[in-house]
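**Student:** For reference, the structure I am asking about is given below.
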Amino acid sequence: MSTTLIQGGTVISAIGRREADVLIDGESIAAILAPGHAGAYGIVADRVIDATGKYVVPGGVDAHVHMSLPFGGTVSADDFDTGSRAAAWGGVTTIVDFASQTVGLDVRETLAARHVEAEGECHVDYAFHQIIGDVNETSLEAMTHLVEHEGVTSFKMFMAYPGVFYSDDGQILRAMQNASESGALMMMHAENGIAIDVLVAQSLANGDTDPKYHSYTRPEELESEATHRAIKLARVAGNVPLYIVHMSASEALEEVSRAQHMGLNVFAETCPQYLYLSIEDHLAQPGFEGAKWVCSTPLRSKHEHHHKDLWKGLRMNELAVVSTDHCPFCMKDQKELGLGDFSKIPNGMGGVEHRMELIYQGVVMGEMTLERWVETCCTTPARMFGLEKKGVLEPGADADVLVWDPNGTTKIGIDDKHHMAMDHSSYEGFQVDGKVDTVLSRGRVIVENDTYVGAKGHGKFVKRGLNQYLH
Ligand code: URP
Ligand code: ZN
Ligand code: ZN
Ligand code: ZN
C-alpha cells in the first residue's frame, strides 16, 4: 500500500491546532507526527505533499444534500456524479443524501432504488438518511430494519409540503416512538405547512405572485411554531434525539436553545444561505430573478437579527452543524416553472461546493474560530450521524483531508469557481479569503493545483452507526 506524508502544515481539529505532519497509509491516517519526525523514524513516504503555510483539516462532511431529487415537477439539477464532484471541489469528502418514501411507497424499495442511482457514480463517499412520508406498520418495521441492518440511522420527516412529504402530528409521533426504540435520530423539516398553504392561496388570490412572496407566506412564526411542536412531540416520544434541519430564523433558534437548557436531546443545523443571503438582496430582486433563491425554509430579512443570531448560535453550539441543503435547480426549464406563480418554483438552491469556503469566512469575520469551523463542518456532522471514520484526523480514521490555503482567495460565480450543474450561482460575485488547495479522499488525491484528478466510482457507500452524542 502506498504512503503519503502531508508535511509542514498546521493541523486543525475541533479542539485545537498544532504544527504537525500527517502520515497516510493506504486509505487511512497512520499517524500525526511532530514536525520532521517522519524522517527521524526512518519513514520515507511514497508521496510528499508540502503544506507549508497551510491548514490541514478533515475533509468536509455535508450531512444534507439532495442529488437528483424529484420536486415540483422536475428533478434537482446535480446527479450523484456532478454533485459529488462539485463537493470534492469544495473540500467535501462525505455527503449524506436521502432516500425518499412518499405515500404508497415501500421504504425498503425506495432505499434500494437510491442505492442503484448512486452506486458507481460518486466521487466522494456517501451515506443516506431515509425520508418517511407514509407512516404505517410496514414503514415502521422498515425503520427498525434500516437502523439494524442497512446503516441508515436517521429519518427525515416534514411538517411542511402537504400532499408531498407532509406528515401530521400523530404520524410524526409514531415514527418518533419507533426511532426512540431503535436509537435512531429524527430530522425535522419544521414549518407549519398547513398554515403556509392558506397564506400562499391568499397571496396568489391577491395577485402577489413574485418570488419574494415565497418568504412572506412562510413567516418565522410558522418555523418557530413547528420547531416548538417537534420538540414537544420528541419529548413525548421518549426524548428521542431530534435534529432540526435548515434553521433560518431567530425565533426558531430560541426554541432550540430553550429545549437544550431543559436538558432535551435537541440539535439543529443551519446553512450558508441563512447566514449570508436575504429577502432584500436576493429573493426580492426585480422580475423573476429572485426565483434563484426560493428555498424552504426561506431567506429572511436582513433588517431583522437572523444572520447575527445564527452566527451566535453556531459559536455557542445551539447550532451544531452547517450543511448546505444542496438542492439546485436551473433557472431555465426548472425555476421557470414558477413564472407568474411563486408557489410553483421548485424549492432549493445549490451550494455543496461552497460551504467550507463560506463558513471559513466566519473565521475571517471573527464570528467563529478555526476549530469551530472544523467542528461545525467536519467533526460534528460525522459524530451526529454515526460516520465513525469521518470528520477527524486521527490514526485509524479515513484519510479524507483538506489542505486549505489561508492566503489564497476564492471568487465564486458562474465564470469563476463553479462546478455544480446549475446555470447560475446562488453566491454570484462572492469573493472570500482562503482557498481549497488539495483534497484527499481515502488517501487518494482528488483535487490539486486547481485540477480535478479524482474519479467517478471512487466514492463508496458508508454504513452509519448511531448518533455518537447519545450512544
Ligand atoms: O428548499 C429546499 N430546502 N429544498 C430541498 C428539500 C428540503 O426541504 O430540504
Ligand atoms: Zn429487519
Ligand atoms: Zn427540508
Ligand atoms: Zn433538504
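We label chains A, B, ... in the order they appear in the C-alpha cells, count residues from 1 in each chain, and number ligands from 1 in the order shown.
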For Gln361 (chain A), find every residue with an atom within 7 Å (counting only C-alpha atoms), except residues of its own chain fewer than 4 positions away, and show them as a list in words.
**Tutor:**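 In the requested form, the answer reads Glu357, Met365, Val432 and Asp433 of chain A.
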**Student:** Write the residues of the selection above to a file with C-alpha atoms, as a PDB file, in the first residue's frame.
**Tutor:**
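Once written, out_17.pdb looks like this:
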```pdb
ATOM      1  CA  GLU A 357     -15.292  28.499   1.750  1.00  0.00           C
ATOM      2  CA  MET A 365     -15.006  37.955  10.181  1.00  0.00           C
ATOM      3  CA  VAL A 432     -13.803  35.085   0.014  1.00  0.00           C
ATOM      4  CA  ASP A 433     -10.476  34.686   1.748  1.00  0.00           C
TER       5      ASP A 433
END
```
**Student:** Could you please write out, as a PyMOL selection string, every residue of region 221-461 of chain A that DSSP assigns to helix (DSSP H, G or I)?
**Tutor:** chain A and resi 221-236+250-261+272-276+279-283+289-293+306-316+335-338+342-344+355-364+370-384
**Student:** From the set A:Glu121, A:Gly151, A:Asp106, A:Leu440, which residue has the shortest atom-to-atom contact distance to Asp134 (chain A), counting only C-alpha atoms?
**Tutor:**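 Smallest distance to Asp134 (chain A) is found for A:Asp106.
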**Student:** What residues of the protein or nucleic acid chains come within 9 Å of ligand 3 when you use only C-alpha atoms and all ligand atoms? Reply as a ChimeraX atom specification.
**Tutor:** /A:156-158,160,188-191,245-246,295-297,325
**Student:** What gap, in Å, lies between CA of Glu367 (chain A) and CA of Val65 (chain A)?
**Tutor:** 24.7 Å
**Student:** Hey, what's within 10 Å of Ala399 (chain A) if we count only C-alpha atoms and toss same-chain stuff fewer than 5 positions away? As a PyMOL selection string, please?
**Tutor:** chain A and resi 4+22-30+58-59+93+389-394+440-444
**Student:** Please, could you write that set of residues out with C-alpha atoms as a PDB file, in the first residue's frame?
**Tutor:**
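Output file result_8.pdb is given in full below:
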```
ATOM      1  CA  THR A   4       1.614   9.836   1.733  1.00  0.00           C
ATOM      2  CA  VAL A  22       0.036  13.713   8.683  1.00  0.00           C
ATOM      3  CA  LEU A  23       1.112  10.234   7.643  1.00  0.00           C
ATOM      4  CA  ILE A  24      -1.318   8.281   5.481  1.00  0.00           C
ATOM      5  CA  ASP A  25      -1.030   4.567   4.817  1.00  0.00           C
ATOM      6  CA  GLY A  26      -3.321   3.371   2.062  1.00  0.00           C
ATOM      7  CA  GLU A  27      -6.804   4.681   2.805  1.00  0.00           C
ATOM      8  CA  SER A  28      -6.279   5.547   6.478  1.00  0.00           C
ATOM      9  CA  ILE A  29      -4.487   8.027   8.678  1.00  0.00           C
ATOM     10  CA  ALA A  30      -1.493   6.186  10.161  1.00  0.00           C
ATOM     11  CA  PRO A  58     -10.507  16.778   7.975  1.00  0.00           C
ATOM     12  CA  GLY A  59     -12.405  16.552   4.703  1.00  0.00           C
ATOM     13  CA  THR A  93     -15.288  14.221   1.130  1.00  0.00           C
ATOM     14  CA  LYS A 389     -14.241   7.114  10.466  1.00  0.00           C
ATOM     15  CA  LYS A 390     -15.015  10.590   9.168  1.00  0.00           C
ATOM     16  CA  GLY A 391     -14.547  14.146  10.403  1.00  0.00           C
ATOM     17  CA  VAL A 392     -11.266  13.740  12.302  1.00  0.00           C
ATOM     18  CA  LEU A 393      -7.568  13.410  11.516  1.00  0.00           C
ATOM     19  CA  GLU A 394      -6.583  10.614  13.864  1.00  0.00           C
ATOM     20  CA  LEU A 440      -7.728  13.653  -0.497  1.00  0.00           C
ATOM     21  CA  SER A 441     -10.455  11.042  -0.275  1.00  0.00           C
ATOM     22  CA  ARG A 442      -9.409   7.820   1.494  1.00  0.00           C
ATOM     23  CA  GLY A 443      -5.768   8.535   0.713  1.00  0.00           C
ATOM     24  CA  ARG A 444      -6.278   9.379  -2.933  1.00  0.00           C
TER      25      ARG A 444
END
```
**Student:** Taking 6 positions as the minimum chain separation for residues in the same chain, which residues sit within 10 Å of Ala201 (chain A) when counting only C-alpha atoms? Answer as a list in words.
**Tutor:**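 The filter keeps Asp208, Thr217 and Ser343 of chain A.
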**Student:** Counting only C-alpha atoms, which residue out of A:Ala51, A:Leu199, A:Ile359, A:Leu173 sits closest to Gly8 (chain A)?
**Tutor:**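 Going through A:Ala51, A:Leu199, A:Ile359, A:Leu173 one by one, the smallest distance to Gly8 (chain A) is for A:Ala51.
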**Student:** Would you mind telling me which residue in A:Phe71, A:Phe267, A:Tyr274, A:Tyr427 lies nearest to Tyr469 (chain A) when using only C-alpha atoms?
**Tutor:** A:Phe267
**Student:** Could you list the protein, DNA and RNA residues that have any atom within 10 Å of ligand 2, counting only C-alpha atoms and all ligand atoms, and write them as number ranges by chain?
**Tutor:** A: 141-150
**Student:** So, with only C-alpha atoms and all ligand atoms as the atoms that count, which of A:His228, A:Arg258, A:His326, A:Arg17 lies closest to ligand 4?
**Tutor:**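 Checking each of A:His228, A:Arg258, A:His326, A:Arg17 against ligand 4, counting only C-alpha atoms and all ligand atoms, the winner is A:His326.
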**Student:** Please provide the set of residues having any atom within 12 Å of Val198 (chain A), restricted to only C-alpha atoms, with same-chain residues fewer than 3 positions apart removed, written as a short mmCIF file (atom, residue, chain, number, x, y, z; two decimals) with C-alpha atoms, in the first residue's frame.
**Tutor:**
```
data_model
loop_
_atom_site.label_atom_id
_atom_site.label_comp_id
_atom_site.auth_asym_id
_atom_site.auth_seq_id
_atom_site.Cartn_x
_atom_site.Cartn_y
_atom_site.Cartn_z
CA PRO A 162 -48.88 18.95 2.42
CA ASN A 192 -46.30 24.63 9.60
CA GLY A 193 -47.22 23.60 6.06
CA ILE A 194 -50.98 23.63 6.63
CA ALA A 195 -50.95 27.28 7.70
CA ALA A 201 -53.52 30.73 -1.55
CA GLN A 202 -54.39 34.19 -0.18
CA SER A 203 -51.24 35.72 -1.63
CA LEU A 204 -51.88 34.31 -5.10
CA ALA A 205 -55.54 35.43 -4.95
CA THR A 217 -46.04 33.33 3.12
CA ARG A 218 -43.61 31.37 5.31
CA LEU A 222 -44.58 29.22 11.33
CA SER A 343 -45.66 28.51 -5.37
#
```
**Student:** Pick from A:Lys54, A:Lys332, A:His418, A:His129: nearest to ligand 4, with only C-alpha atoms and all ligand atoms counted?
**Tutor:**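 Selected residue with least distance to ligand 4: A:His129.
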**Student:** Leaving out Gly348 (chain A) and any residue of its chain fewer than 3 positions from it, which residues lie within 12 Å of it when counting only C-alpha atoms, given as a ChimeraX atom specification?
**Tutor:** /A:64-72,74-78,214,246,271,273,291-299,324-331,334-335,345,351-352,422,426
**Student:** Between CA of Gly362 (chain A) and CA of Phe80 (chain A), what is the spacing in Å?
**Tutor:** 28.7 Å
**Student:** So which residues touch Gly340 (chain A) within 10 Å, counting only C-alpha atoms, skipping near sequence neighbours fewer than 4 positions away, as a ChimeraX atom specification?
**Tutor:** /A:204,207-211,287-288,336,344-345
**Student:** For the residues selected in the previous step, produce a file with C-alpha atoms as a PDB file, in the first residue's frame.
**Tutor:**
```
ATOM      1  CA  LEU A 204     -51.882  34.312  -5.105  1.00  0.00           C
ATOM      2  CA  GLY A 207     -52.055  38.869  -7.260  1.00  0.00           C
ATOM      3  CA  ASP A 208     -48.906  38.719  -5.146  1.00  0.00           C
ATOM      4  CA  THR A 209     -47.125  36.158  -7.293  1.00  0.00           C
ATOM      5  CA  ASP A 210     -43.463  37.282  -7.348  1.00  0.00           C
ATOM      6  CA  PRO A 211     -40.713  35.102  -5.834  1.00  0.00           C
ATOM      7  CA  GLY A 287     -38.714  40.433 -12.112  1.00  0.00           C
ATOM      8  CA  PHE A 288     -38.220  36.701 -11.766  1.00  0.00           C
ATOM      9  CA  GLU A 336     -39.153  28.957 -14.698  1.00  0.00           C
ATOM     10  CA  LYS A 344     -44.664  26.534  -8.474  1.00  0.00           C
ATOM     11  CA  ILE A 345     -40.969  27.447  -8.259  1.00  0.00           C
TER      12      ILE A 345
END
```
**Student:** When you count only C-alpha atoms and all ligand atoms, which of these residues is closest to ligand 1: A:Thr376, A:Asn206, A:Ser248, A:Gln431?
**Tutor:**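 When distances to ligand 1 are compared using only C-alpha atoms and all ligand atoms, the smallest one comes from A:Ser248.
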